[in-house]
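J.: File follows, run_7.cif with mmCIF, C-alpha atoms:
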data_start
#
loop_
_atom_site.label_atom_id
_atom_site.label_comp_id
_atom_site.auth_asym_id
_atom_site.auth_seq_id
_atom_site.Cartn_x
_atom_site.Cartn_y
_atom_site.Cartn_z
CA MET A 19 99.49 -1.19 279.50
CA GLY A 20 95.74 -0.96 279.02
CA ARG A 21 95.21 -0.62 282.75
CA THR A 22 97.84 2.06 283.00
CA LYS A 23 96.07 4.09 280.30
CA THR A 24 92.78 3.82 282.13
CA LYS A 25 94.33 5.18 285.31
CA LYS A 26 95.73 8.18 283.46
CA GLN A 27 92.31 8.97 282.01
CA ALA A 28 90.72 8.77 285.45
CA ALA A 29 93.34 11.09 286.84
CA SER A 30 92.72 13.53 284.00
CA LYS A 31 88.98 13.60 284.74
CA THR A 32 89.66 14.22 288.41
CA THR A 33 91.85 17.18 287.55
CA GLU A 34 89.20 18.67 285.28
CA THR A 35 86.53 18.31 287.95
CA SER A 36 88.65 20.02 290.58
CA THR A 37 88.99 23.13 288.42
CA VAL A 38 85.22 23.73 288.36
CA GLN A 39 84.42 26.30 291.05
CA SER A 40 81.14 26.45 292.88
CA PRO A 41 79.28 29.79 292.79
CA ALA A 42 80.60 32.27 295.34
CA VAL A 43 78.35 32.71 298.36
CA PRO A 44 77.66 36.44 299.00
CA SER A 45 79.18 37.72 302.21
CA ILE A 46 77.07 39.08 305.06
CA THR A 47 78.42 42.55 304.27
CA ALA A 48 77.38 42.27 300.61
CA LEU A 49 73.90 41.05 301.53
CA LEU A 50 73.51 43.84 304.08
CA GLU A 51 74.59 46.52 301.62
CA LYS A 52 72.17 45.17 299.02
CA ALA A 53 69.30 45.12 301.52
CA GLN A 54 70.06 48.71 302.55
CA SER A 55 70.16 49.77 298.91
CA LEU A 56 66.80 48.16 298.21
CA ILE A 57 65.26 49.90 301.24
CA VAL A 58 66.46 53.24 299.89
CA GLN A 59 64.79 52.31 296.59
CA CYS A 60 61.59 51.40 298.51
CA ASP A 61 61.74 47.83 297.18
CA TYR A 62 60.80 46.37 300.55
CA GLU A 63 59.70 42.90 299.42
CA LEU A 64 63.04 42.19 297.78
CA ALA A 65 64.91 43.77 300.70
CA ALA A 66 63.12 41.34 303.04
CA ARG A 67 64.51 38.39 301.06
CA PHE A 68 68.07 39.60 301.51
CA ILE A 69 67.49 40.31 305.18
CA GLN A 70 66.12 36.81 305.71
CA ARG A 71 69.23 35.33 304.05
CA ILE A 72 71.37 37.16 306.60
CA LEU A 73 69.22 36.01 309.51
CA ASP A 74 69.41 32.43 308.27
CA GLN A 75 73.15 32.67 308.90
CA GLN A 76 73.10 35.04 311.89
CA PRO A 77 69.70 34.70 313.63
CA SER A 78 70.74 36.94 316.55
CA ASN A 79 72.03 39.87 314.47
CA ALA A 80 70.28 42.80 316.20
CA GLU A 81 71.00 45.34 313.47
CA VAL A 82 69.47 43.13 310.80
CA LYS A 83 66.49 42.23 313.00
CA GLU A 84 65.74 45.92 313.41
CA MET A 85 66.02 46.37 309.66
CA LEU A 86 63.54 43.53 309.19
CA GLY A 87 61.10 45.26 311.55
CA VAL A 88 61.36 48.48 309.56
CA VAL A 89 60.70 46.63 306.30
CA GLN A 90 57.70 44.87 307.85
CA LEU A 91 56.32 48.25 308.88
CA GLU A 92 56.75 49.58 305.36
CA LEU A 93 54.92 46.52 304.01
CA GLY A 94 52.06 47.15 306.45
CA ASP A 95 52.59 44.00 308.51
CA ILE A 96 52.31 45.68 311.90
CA ASP A 97 51.90 42.49 313.95
CA ALA A 98 55.02 40.93 312.45
CA ALA A 99 56.95 44.16 313.06
CA LYS A 100 55.89 44.18 316.70
CA GLN A 101 57.11 40.60 317.15
CA THR A 102 60.43 41.51 315.54
CA PHE A 103 60.98 44.55 317.75
CA PHE A 104 59.92 42.65 320.89
CA SER A 105 62.53 40.01 320.03
CA LEU A 106 65.17 42.72 320.58
CA LEU A 107 63.99 43.37 324.14
CA PRO A 108 64.10 41.41 327.41
CA PRO A 109 62.93 38.86 328.43
CA ASN A 110 63.72 37.41 325.00
CA PRO A 111 66.86 35.29 325.57
CA ASP A 112 68.38 36.43 322.26
CA ALA A 113 67.91 40.15 323.01
CA PRO A 114 71.13 42.15 323.08
CA SER A 115 72.25 43.78 326.31
CA PRO A 116 71.60 46.64 326.58
CA PRO A 117 68.65 46.54 324.18
CA PRO A 118 68.53 49.09 321.34
CA PRO A 119 66.51 52.22 322.22
CA SER A 120 65.20 52.24 318.65
CA ALA A 121 63.18 49.08 319.31
CA HIS A 122 61.30 50.89 322.09
CA LEU A 123 60.81 53.95 319.85
CA TYR A 124 59.31 51.88 317.03
CA LEU A 125 57.03 50.02 319.44
CA ALA A 126 55.90 53.33 320.95
CA GLN A 127 54.95 54.63 317.52
CA ILE A 128 52.90 51.56 316.59
CA SER A 129 51.10 51.18 319.92
CA ASP A 130 48.20 53.40 318.87
CA GLU A 131 45.61 51.30 320.64
CA ASP A 132 47.50 51.25 323.95
CA PRO A 133 48.71 54.73 324.90
CA ARG A 134 49.99 53.58 328.32
CA SER A 135 52.20 51.01 326.62
CA ALA A 136 53.44 53.65 324.18
CA LEU A 137 54.37 55.93 327.08
CA GLN A 138 56.32 53.11 328.72
CA HIS A 139 58.27 52.42 325.53
CA TYR A 140 59.07 56.10 325.04
CA GLN A 141 60.29 56.38 328.63
CA ALA A 142 62.39 53.21 328.31
CA ALA A 143 64.00 54.69 325.20
CA VAL A 144 64.72 57.96 327.06
CA GLU A 145 66.46 56.07 329.86
CA LEU A 146 68.61 54.00 327.47
CA LEU A 147 69.50 57.04 325.35
CA SER A 148 70.37 59.07 328.46
CA VAL A 149 72.85 56.40 329.56
CA GLN A 150 74.47 56.53 326.12
CA LEU A 151 74.61 60.32 326.24
CA LYS A 152 76.32 60.37 329.65
CA GLY A 153 78.93 57.96 328.34
CA LYS A 154 79.61 60.19 325.33
CA GLU A 155 79.83 63.31 327.50
CA ARG A 156 82.33 61.68 329.88
CA ALA A 157 84.50 60.50 327.00
CA GLY A 158 84.30 63.66 324.91
CA ASN A 159 85.67 67.19 325.01
CA ASN A 160 83.92 70.53 325.40
CA ALA A 161 82.49 70.58 321.86
CA PRO A 162 79.59 68.11 321.47
CA SER A 163 80.16 65.43 318.86
CA ASP A 164 77.68 64.57 316.10
CA ASP A 165 76.74 61.46 318.10
CA GLU A 166 75.91 63.58 321.15
CA ILE A 167 73.80 65.95 319.07
CA GLU A 168 71.88 63.02 317.58
CA LEU A 169 71.37 61.41 321.01
CA LYS A 170 70.02 64.66 322.45
CA SER A 171 67.68 65.04 319.49
CA ASN A 172 66.37 61.49 319.93
CA ILE A 173 65.82 62.00 323.66
CA VAL A 174 63.89 65.20 323.00
CA ARG A 175 61.73 63.53 320.36
CA ALA A 176 60.94 60.64 322.71
CA LEU A 177 59.88 63.15 325.38
CA ILE A 178 57.79 65.08 322.85
CA GLY A 179 56.20 61.79 321.77
CA GLN A 180 54.95 61.39 325.31
CA VAL A 181 53.60 64.94 325.36
CA GLU A 182 51.67 64.29 322.15
CA ILE A 183 50.08 61.18 323.65
CA TRP A 184 49.03 63.06 326.79
CA MET A 185 47.52 65.85 324.65
CA ASP A 186 45.78 63.63 322.09
CA PRO A 187 42.01 64.10 322.50
CA SER A 188 41.38 60.61 321.09
CA TYR A 189 42.82 59.19 324.34
CA ASP A 190 41.32 59.61 327.78
CA LEU A 191 44.73 60.63 329.12
CA CYS A 192 44.17 64.26 328.17
CA PHE A 193 41.34 64.40 330.71
CA GLU A 194 43.48 63.09 333.56
CA PRO A 195 44.15 65.71 336.28
CA GLU A 196 47.91 65.20 335.98
CA ALA A 197 47.99 65.64 332.17
CA GLU A 198 48.93 69.33 332.09
CA ARG A 199 51.59 69.06 334.80
CA THR A 200 53.06 65.96 333.16
CA CYS A 201 53.39 67.73 329.81
CA GLU A 202 55.07 70.70 331.47
CA ASP A 203 57.55 68.40 333.24
CA LEU A 204 58.34 66.45 330.07
CA LEU A 205 59.03 69.62 328.10
CA GLU A 206 61.10 71.08 330.92
CA THR A 207 63.22 67.92 330.81
CA ALA A 208 63.50 68.18 327.02
CA LEU A 209 64.74 71.76 327.19
CA LYS A 210 67.25 70.82 329.88
CA VAL A 211 68.64 68.12 327.61
CA ASP A 212 68.78 70.44 324.60
CA PRO A 213 68.10 74.11 325.40
CA ASP A 214 66.43 76.01 322.56
CA ASN A 215 65.58 72.77 320.75
CA PRO A 216 63.13 73.93 318.04
CA GLU A 217 60.89 70.87 318.27
CA ALA A 218 60.63 71.13 322.06
CA LEU A 219 59.76 74.83 321.78
CA GLN A 220 57.19 74.01 319.13
CA SER A 221 55.63 71.38 321.38
CA LEU A 222 55.58 73.89 324.23
CA ALA A 223 53.76 76.31 321.93
CA SER A 224 51.15 73.64 321.28
CA VAL A 225 50.67 73.21 325.04
CA ARG A 226 50.31 76.99 325.43
CA MET A 227 47.65 77.00 322.70
CA SER A 228 45.71 74.31 324.57
CA GLN A 229 45.97 76.52 327.67
CA GLN A 230 44.47 79.45 325.75
CA LYS A 231 47.73 81.43 325.90
CA PRO A 232 48.21 82.52 322.27
CA GLU A 233 50.81 85.20 323.02
CA ASP A 234 52.99 82.74 324.91
CA ALA A 235 52.55 80.30 322.03
CA LYS A 236 53.66 82.95 319.52
CA ALA A 237 56.76 83.67 321.58
CA CYS A 238 57.68 79.96 321.64
CA LEU A 239 57.10 79.56 317.91
CA GLU A 240 59.14 82.66 317.09
CA LYS A 241 62.05 81.40 319.20
CA SER A 242 61.77 77.96 317.59
CA TRP A 243 61.64 79.23 314.01
CA ILE A 244 64.39 81.82 314.38
CA SER A 245 66.79 79.13 315.60
CA TRP A 246 66.82 77.37 312.20
CA LYS A 247 65.04 79.44 309.53
CA ASP A 248 68.29 80.78 308.00
CA LEU A 249 70.09 77.43 308.02
CA ASP A 250 70.57 75.17 305.00
CA LEU A 251 67.75 72.66 304.73
CA ASP A 252 70.13 69.74 305.28
CA HIS A 253 71.50 71.22 308.53
CA PRO A 254 70.95 68.87 311.50
CA ARG A 255 69.21 71.65 313.47
CA VAL A 256 66.47 71.93 310.85
CA PRO A 257 63.48 69.86 312.06
CA PRO A 258 62.27 66.96 309.89
CA ILE A 259 59.44 67.61 307.46
CA PRO A 260 56.63 66.27 309.74
CA ALA A 261 57.73 68.67 312.49
CA ARG A 262 57.85 71.58 310.05
CA LEU A 263 54.36 70.75 308.83
CA GLY A 264 53.24 70.75 312.47
CA LEU A 265 54.80 74.20 312.82
CA VAL A 266 52.80 75.41 309.81
CA ARG A 267 49.57 74.20 311.41
CA LEU A 268 50.36 76.20 314.54
CA PHE A 269 51.19 79.26 312.43
CA LEU A 270 47.81 78.95 310.72
CA GLU A 271 46.02 78.66 314.06
CA LEU A 272 47.63 81.97 315.02
CA SER A 273 46.96 83.59 311.61
CA LEU A 274 50.70 83.88 310.95
CA TYR A 275 50.46 83.34 307.21
CA SER A 276 53.79 84.72 305.96
CA PRO A 277 56.01 82.46 308.09
CA ALA A 278 53.71 79.54 307.28
CA LEU A 279 54.28 80.04 303.55
CA LEU A 280 58.04 80.39 304.04
CA VAL A 281 58.23 77.09 305.95
CA LEU A 282 56.10 75.40 303.28
CA HIS A 283 58.42 76.70 300.56
CA GLY A 284 61.31 74.91 302.28
CA VAL A 285 59.30 71.69 302.59
CA MET A 286 58.34 71.72 298.93
CA THR A 287 61.91 72.43 297.91
CA ALA A 288 62.81 69.14 299.59
CA ASP A 289 59.73 67.22 298.36
CA ASP A 290 57.35 68.77 295.85
CA GLU A 291 54.98 65.80 296.09
CA GLU A 292 54.33 66.13 299.84
CA VAL A 293 50.53 65.91 299.99
CA GLU A 294 50.14 67.64 303.36
CA ALA A 295 52.32 70.56 302.25
CA TRP A 296 50.07 71.24 299.25
CA TYR A 297 47.02 70.94 301.49
CA LEU A 298 48.38 73.38 304.07
CA GLU A 299 49.46 75.87 301.41
CA GLY A 300 46.01 75.74 299.85
CA TRP A 301 44.39 76.17 303.24
CA CYS A 302 46.74 79.07 304.03
CA TYR A 303 45.76 80.92 300.84
CA PHE A 304 42.10 80.15 301.53
CA LEU A 305 42.36 81.73 305.00
CA MET A 306 44.22 84.71 303.53
CA ALA A 307 41.47 85.13 300.93
CA GLU A 308 38.83 85.14 303.67
CA GLN A 309 40.80 87.75 305.62
CA ALA A 310 41.22 89.85 302.48
CA LYS A 311 37.47 89.86 301.87
CA GLU A 312 37.00 91.24 305.39
CA ASN A 313 39.75 93.82 304.80
CA ALA A 314 38.42 95.85 301.88
CA GLY A 315 39.17 93.02 299.48
CA THR A 316 42.96 92.97 299.74
CA LEU A 317 45.74 91.52 301.89
CA ASP A 318 49.43 92.35 301.40
CA ASP A 319 48.55 94.06 298.09
CA LEU A 320 46.83 90.94 296.79
CA SER A 321 43.12 90.81 296.02
CA TRP A 322 40.97 88.15 297.60
CA GLU A 323 40.34 86.70 294.13
CA GLU A 324 44.09 86.25 293.51
CA LEU A 325 44.52 84.57 296.88
CA ALA A 326 41.45 82.38 296.29
CA ASN A 327 42.78 81.31 292.88
CA ASP A 328 46.10 80.40 294.48
CA ALA A 329 44.20 78.38 297.07
CA ARG A 330 42.21 76.54 294.38
CA ASP A 331 45.36 75.69 292.40
CA ARG A 332 47.14 74.26 295.47
CA LEU A 333 44.11 72.28 296.61
CA GLU A 334 43.56 70.80 293.14
CA THR A 335 47.20 69.70 293.07
CA CYS A 336 46.82 68.21 296.54
CA GLN A 337 43.74 66.27 295.45
CA LEU A 338 45.56 64.93 292.39
CA LEU A 339 48.61 63.82 294.41
CA HIS A 340 46.40 62.29 297.10
CA THR A 341 44.69 60.11 294.50
CA HIS A 342 47.89 59.18 292.66
CA GLN A 343 49.72 58.22 295.86
CA GLN A 344 46.67 56.46 297.34
CA HIS A 345 47.33 58.53 300.44
CA SER A 346 45.89 57.15 303.65
CA ASP A 347 44.72 60.45 305.19
CA LYS A 348 41.03 60.46 304.24
CA PRO A 349 40.00 63.37 306.55
CA LEU A 350 42.60 65.56 304.82
CA LEU A 351 41.08 64.76 301.42
CA GLU A 352 37.59 65.46 302.75
CA HIS A 353 38.70 68.90 303.99
CA VAL A 354 40.36 69.61 300.64
CA GLN A 355 37.12 68.77 298.83
CA GLU A 356 35.16 70.93 301.28
CA LEU A 357 37.46 73.91 300.65
CA ILE A 358 37.26 73.40 296.88
CA ALA A 359 33.45 73.36 297.11
CA ASN A 360 33.52 76.62 299.09
CA LEU A 361 35.79 78.21 296.47
CA GLU A 362 33.48 76.99 293.72
CA GLY A 363 30.62 78.66 295.55
CA MET A 364 32.63 81.89 295.61
CA GLY A 365 32.97 81.72 291.82
CA ILE A 366 36.60 80.54 291.87
CA LYS A 367 37.13 77.96 289.11
CA ALA A 368 40.00 75.57 288.61
CA SER A 369 42.75 77.00 286.44
CA PRO A 370 43.06 75.40 283.00
CA PRO A 371 46.03 73.01 282.85
CA ASP A 372 49.14 74.30 281.15
CA GLU A 373 49.68 72.96 277.68
CA GLY A 374 51.46 69.60 277.87
CA GLU A 375 51.31 69.48 281.67
CA ASP A 376 49.20 66.33 281.82
CA GLU A 377 51.51 64.46 279.47
CA SER A 378 54.67 65.46 281.29
CA ASP A 379 53.25 64.59 284.69
CA ALA A 380 51.96 61.24 283.50
CA GLY A 381 55.31 60.52 281.91
CA ASP A 382 57.08 61.14 285.19
CA TRP A 383 54.78 58.74 287.03
CA VAL A 384 55.03 56.03 284.36
CA ASP A 385 58.83 56.26 284.47
CA ASP A 386 58.78 55.57 288.21
CA ASP A 387 56.73 52.42 287.71
CA ALA A 388 58.76 51.24 284.73
CA ASN A 389 61.99 51.49 286.67
CA SER A 390 60.82 48.92 289.22
CA GLU A 391 61.18 46.06 286.73
CA ASP A 392 64.69 47.17 285.78
CA GLU A 393 65.69 47.40 289.44
CA ALA A 394 64.42 43.87 290.11
CA GLU A 395 66.40 42.55 287.11
CA ASP A 396 69.53 44.30 288.42
CA VAL A 397 69.57 42.08 291.52
CA GLU A 398 72.19 39.39 291.18
CA MET A 399 72.35 38.04 294.70
CA SER A 400 68.70 37.09 295.00
#
As structure tokens, please, write out the structure in this file.
T.:
Amino acid sequence: MGRTKTKKQAASKTTETSTVQSPAVPSITALLEKAQSLIVQCDYELAARFIQRILDQQPSNAEVKEMLGVVQLELGDIDAAKQTFFSLLPPNPDAPSPPPPSAHLYLAQISDEDPRSALQHYQAAVELLSVQLKGKERAGNNAPSDDEIELKSNIVRALIGQVEIWMDPSYDLCFEPEAERTCEDLLETALKVDPDNPEALQSLASVRMSQQKPEDAKACLEKSWISWKDLDLDHPRVPPIPARLGLVRLFLELSLYSPALLVLHGVMTADDEEVEAWYLEGWCYFLMAEQAKENAGTLDDLSWEELANDARDRLETCQLLHTHQQHSDKPLLEHVQELIANLEGMGIKASPPDEGEDESDAGDWVDDDANSEDEAEDVEMS
């Protein structure tokens, strides 16, 4: 009887043990969603941990590899990002077929020291994207789908990327005899892919400026701006913020101050901490103040002092944001400080801060930093 009792106890222990469940292993989908969420929150270090967990299980997952490359870029590890993107391209045996055009686009953008290599990556992306576009066009109806619109936009931007390399004075390519003709051909191709594309027209305006054809440049810019200026800011035809800031620079070169300020208003509506937007607005008002001084002291019913004060306020804000964000564009900051010094010499002082402004601004920035600890604690799958 004693032995029988012992057996029953052993059986009871076995039953109890079998009811204990091991912790659930997060699915690939859950890990991917968490990584994407962390990237949106700009928590790149934690996102990299989730991405690596996926790659430990699926080392050839091209989508996740690309995500890893993006995170490495955001963390400033350019060499690691290059290796990741190259792993998505032939002759790597694990590269998908066909390779993702985005890998070529990223490599083009981070090949600053090798413009010829950047051109090759841009062109490879154009060829891959063009194949995808033809497939969509054959399968679709008369009205272009959202995918087709996005493909055309990406092709145009890859072509414009090549134009910008050919025109960049920091490279010797701009002095090559074929540079001008090559830029013309690239932009002609871009406008064939997407007629009236605002970014292509803007790039063409830049070429016209380099050719000393300001009237032709104005015509291109006007056509570009009119095509999207009345659209909602989230409309797909509205160029991204960097392109709009490039448009403002061209407007300023041509002394077209009113449209420049209108474009900047839209940019700041989307992001009121965009350093370059504050810089360009300050510079715009500075140029308007100079023109007003030459025009009996006024411009558009505003005195040069009013315009100069507006310039000083914008430039001071730009300087503050530049420091707070530890912005990498040092030449921009140097120009801001030069303009502020010129305004100081003209007797234009910084406006006194509004009562409570410093406290409210500091509070906003502290809140952003404080949230990072809460977000890290919220992660359960790490």
J.: What residues come out when you apply the PyMOL selection byres ((chain A and resi 87) around 10) to this file, written as a PyMOL selection string?
T.: chain A and resi 66+82-86+88-93+95-104+121+124
J.: Include C-alpha atoms and write out the residues we just selected as a compact mmCIF listing (two decimals), in the frame of the given file.
T.:
# COMPACT_ATOMS: atom_id res chain seq x y z
CA ALA A 66 63.12 41.34 303.04
CA VAL A 82 69.47 43.13 310.80
CA LYS A 83 66.49 42.23 313.00
CA GLU A 84 65.74 45.92 313.41
CA MET A 85 66.02 46.37 309.66
CA LEU A 86 63.54 43.53 309.19
CA VAL A 88 61.36 48.48 309.56
CA VAL A 89 60.70 46.63 306.30
CA GLN A 90 57.70 44.87 307.85
CA LEU A 91 56.32 48.25 308.88
CA GLU A 92 56.75 49.58 305.36
CA LEU A 93 54.92 46.52 304.01
CA ASP A 95 52.59 44.00 308.51
CA ILE A 96 52.31 45.68 311.90
CA ASP A 97 51.90 42.49 313.95
CA ALA A 98 55.02 40.93 312.45
CA ALA A 99 56.95 44.16 313.06
CA LYS A 100 55.89 44.18 316.70
CA GLN A 101 57.11 40.60 317.15
CA THR A 102 60.43 41.51 315.54
CA PHE A 103 60.98 44.55 317.75
CA PHE A 104 59.92 42.65 320.89
CA ALA A 121 63.18 49.08 319.31
CA TYR A 124 59.31 51.88 317.03
J.: Just to confirm, what's the straight-line distance from CA of Ala295 (chain A) to CA of Leu263 (chain A) in Å (one decimal)?
T.: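 Atom-to-atom, CA of Ala295 (chain A) to CA of Leu263 (chain A), that is 6.9 Å.
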J.: To one decimal place, how far is CA of Leu249 (chain A) from CA of Asp328 (chain A) in Å?
T.: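 For CA of Leu249 (chain A) relative to CA of Asp328 (chain A), the distance reads 27.7 Å.
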J.: Given the file above and the PyMOL selection byres ((chain A and resi 209-220) around 6), which residues are selected, and can you give them as a tab-separated table (two decimals) with C-alpha atoms, in the coordinates of the input?
T.:
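Below is the file that was written, selection-v9.tsv:
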chain	number	residue	atom	x	y	z
A	206	GLU	CA	61.10	71.08	330.92
A	207	THR	CA	63.22	67.92	330.81
A	208	ALA	CA	63.50	68.18	327.02
A	221	SER	CA	55.63	71.38	321.38
A	222	LEU	CA	55.58	73.89	324.23
A	223	ALA	CA	53.76	76.31	321.93
A	238	CYS	CA	57.68	79.96	321.64
A	239	LEU	CA	57.10	79.56	317.91
A	242	SER	CA	61.77	77.96	317.59
J.: As an MDAnalysis selection string, please: the residues near Pro114 (chain A) (cut-off 10 Å, only C-alpha atoms, same-chain neighbours under 3 positions excluded).
T.: chainID A and resid 78:80 105:108 110:111 117:118
J.: Find the residues near Thr287 (chain A): any atom within 12 Å, counting all atoms listed in the file, skip ones fewer than 6 places away on the same chain, and give them as number ranges by chain.
T.: A: 250-252, 259, 280-281, 295-296
J.: Pull out every residue that the PyMOL selection byres ((chain A and resi 226) around 12) matches in the shown coordinates and put them as a ChimeraX atom specification.
T.: /A:185,198,201-202,205,219-225,227-239,268,272
J.: Would you put the residues from that selection into a file with C-alpha atoms, as an mmCIF file, keeping the file's coordinate frame?
T.:
data_model
loop_
_atom_site.group_PDB
_atom_site.id
_atom_site.type_symbol
_atom_site.label_atom_id
_atom_site.label_comp_id
_atom_site.auth_asym_id
_atom_site.auth_seq_id
_atom_site.Cartn_x
_atom_site.Cartn_y
_atom_site.Cartn_z
ATOM 1 C CA MET A 185 47.520 65.850 324.650
ATOM 2 C CA GLU A 198 48.930 69.330 332.090
ATOM 3 C CA CYS A 201 53.390 67.730 329.810
ATOM 4 C CA GLU A 202 55.070 70.700 331.470
ATOM 5 C CA LEU A 205 59.030 69.620 328.100
ATOM 6 C CA LEU A 219 59.760 74.830 321.780
ATOM 7 C CA GLN A 220 57.190 74.010 319.130
ATOM 8 C CA SER A 221 55.630 71.380 321.380
ATOM 9 C CA LEU A 222 55.580 73.890 324.230
ATOM 10 C CA ALA A 223 53.760 76.310 321.930
ATOM 11 C CA SER A 224 51.150 73.640 321.280
ATOM 12 C CA VAL A 225 50.670 73.210 325.040
ATOM 13 C CA MET A 227 47.650 77.000 322.700
ATOM 14 C CA SER A 228 45.710 74.310 324.570
ATOM 15 C CA GLN A 229 45.970 76.520 327.670
ATOM 16 C CA GLN A 230 44.470 79.450 325.750
ATOM 17 C CA LYS A 231 47.730 81.430 325.900
ATOM 18 C CA PRO A 232 48.210 82.520 322.270
ATOM 19 C CA GLU A 233 50.810 85.200 323.020
ATOM 20 C CA ASP A 234 52.990 82.740 324.910
ATOM 21 C CA ALA A 235 52.550 80.300 322.030
ATOM 22 C CA LYS A 236 53.660 82.950 319.520
ATOM 23 C CA ALA A 237 56.760 83.670 321.580
ATOM 24 C CA CYS A 238 57.680 79.960 321.640
ATOM 25 C CA LEU A 239 57.100 79.560 317.910
ATOM 26 C CA LEU A 268 50.360 76.200 314.540
ATOM 27 C CA LEU A 272 47.630 81.970 315.020
#
J.: Identify, on the basis of only C-alpha atoms, every residue whose closest approach to region 132-135 of chain A does not exceed 10 Å; exclude the query and any residue fewer than 5 positions from it along the same chain; express the result as a count of residues only.
T.: 12
J.: Using all atoms listed in the file, pick whichever of A:Val149, A:Leu350, A:Cys302, A:Ala143 has the shortest atom-to-atom distance to Ile173 (chain A).
T.: A:Ala143
J.: Separation of CA of Gln75 (chain A) and CA of Asp61 (chain A), in Å?
T.: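 Separating CA of Gln75 (chain A) from CA of Asp61 (chain A) is a distance of 22.3 Å.
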J.: Measuring atom to atom with only C-alpha atoms, identify which of A:Leu147, A:Ala310, A:Ile244, A:Leu339 is nearest to Lys170 (chain A).
T.: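 Nearest to Lys170 (chain A): A:Leu147.
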J.: Have a look at A:His139, A:Arg175, A:His283, A:Arg332 and name the one nearest to Val354 (chain A); count all atoms listed in the file.
T.: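 Answer, going by the shortest atom-to-atom distance: A:Arg332.
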J.: Please determine the residues with any atom at most 12 Å from (47.0, 61.0, 303.1) (coordinates as given in the file, with only C-alpha atoms counting) and report them as a PDB file with C-alpha atoms, in the frame of the given file.
T.:
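Dumped to selection.pdb:
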ATOM      1  CA  GLU A 291      54.980  65.800 296.090  1.00  0.00           C
ATOM      2  CA  GLU A 292      54.330  66.130 299.840  1.00  0.00           C
ATOM      3  CA  VAL A 293      50.530  65.910 299.990  1.00  0.00           C
ATOM      4  CA  GLU A 294      50.140  67.640 303.360  1.00  0.00           C
ATOM      5  CA  ALA A 295      52.320  70.560 302.250  1.00  0.00           C
ATOM      6  CA  TRP A 296      50.070  71.240 299.250  1.00  0.00           C
ATOM      7  CA  TYR A 297      47.020  70.940 301.490  1.00  0.00           C
ATOM      8  CA  CYS A 336      46.820  68.210 296.540  1.00  0.00           C
ATOM      9  CA  GLN A 337      43.740  66.270 295.450  1.00  0.00           C
ATOM     10  CA  LEU A 338      45.560  64.930 292.390  1.00  0.00           C
ATOM     11  CA  LEU A 339      48.610  63.820 294.410  1.00  0.00           C
ATOM     12  CA  HIS A 340      46.400  62.290 297.100  1.00  0.00           C
ATOM     13  CA  THR A 341      44.690  60.110 294.500  1.00  0.00           C
ATOM     14  CA  HIS A 342      47.890  59.180 292.660  1.00  0.00           C
ATOM     15  CA  GLN A 343      49.720  58.220 295.860  1.00  0.00           C
ATOM     16  CA  GLN A 344      46.670  56.460 297.340  1.00  0.00           C
ATOM     17  CA  HIS A 345      47.330  58.530 300.440  1.00  0.00           C
ATOM     18  CA  SER A 346      45.890  57.150 303.650  1.00  0.00           C
ATOM     19  CA  ASP A 347      44.720  60.450 305.190  1.00  0.00           C
ATOM     20  CA  LYS A 348      41.030  60.460 304.240  1.00  0.00           C
ATOM     21  CA  PRO A 349      40.000  63.370 306.550  1.00  0.00           C
ATOM     22  CA  LEU A 350      42.600  65.560 304.820  1.00  0.00           C
ATOM     23  CA  LEU A 351      41.080  64.760 301.420  1.00  0.00           C
ATOM     24  CA  GLU A 352      37.590  65.460 302.750  1.00  0.00           C
ATOM     25  CA  HIS A 353      38.700  68.900 303.990  1.00  0.00           C
ATOM     26  CA  VAL A 354      40.360  69.610 300.640  1.00  0.00           C
TER      27      VAL A 354
END
J.: Between A:Met364, A:Ser45, A:Arg267, A:Leu282, which is the closest to Ala307 (chain A) once you count only C-alpha atoms?
T.: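 Closest to Ala307 (chain A), using only C-alpha atoms: A:Met364.
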J.: Counting only C-alpha atoms, what is within 9 Å of Ile167 (chain A), bar same-chain residues fewer than 5 positions away, as a ChimeraX atom specification?
T.: /A:162,172,212,254
J.: The centre and edge lengths of an axis-aligned box containing all atoms of region 110-123 of chain A present in the file, extended by 4 Å on each side, are to be given in Å to one decimal, as lines of an AutoDock Vina configuration file.
T.:
center_x = 66.5
center_y = 44.6
center_z = 322.6
size_x = 19.4
size_y = 26.7
size_z = 15.9
J.: Can you list, as an NGL selection string, every protein, DNA or RNA residue that comes within 10 Å of Lys154 (chain A) when you count all atoms listed in the file, leaving out same-chain residues fewer than 5 positions away?
T.: :A and (148-149 or 159 or 162-163 or 165-166 or 169)
J.: Taking all atoms listed in the file into account, which of A:Gly300, A:Pro257, A:Pro195, A:Gly264 comes nearest Thr335 (chain A)?
T.: A:Gly300
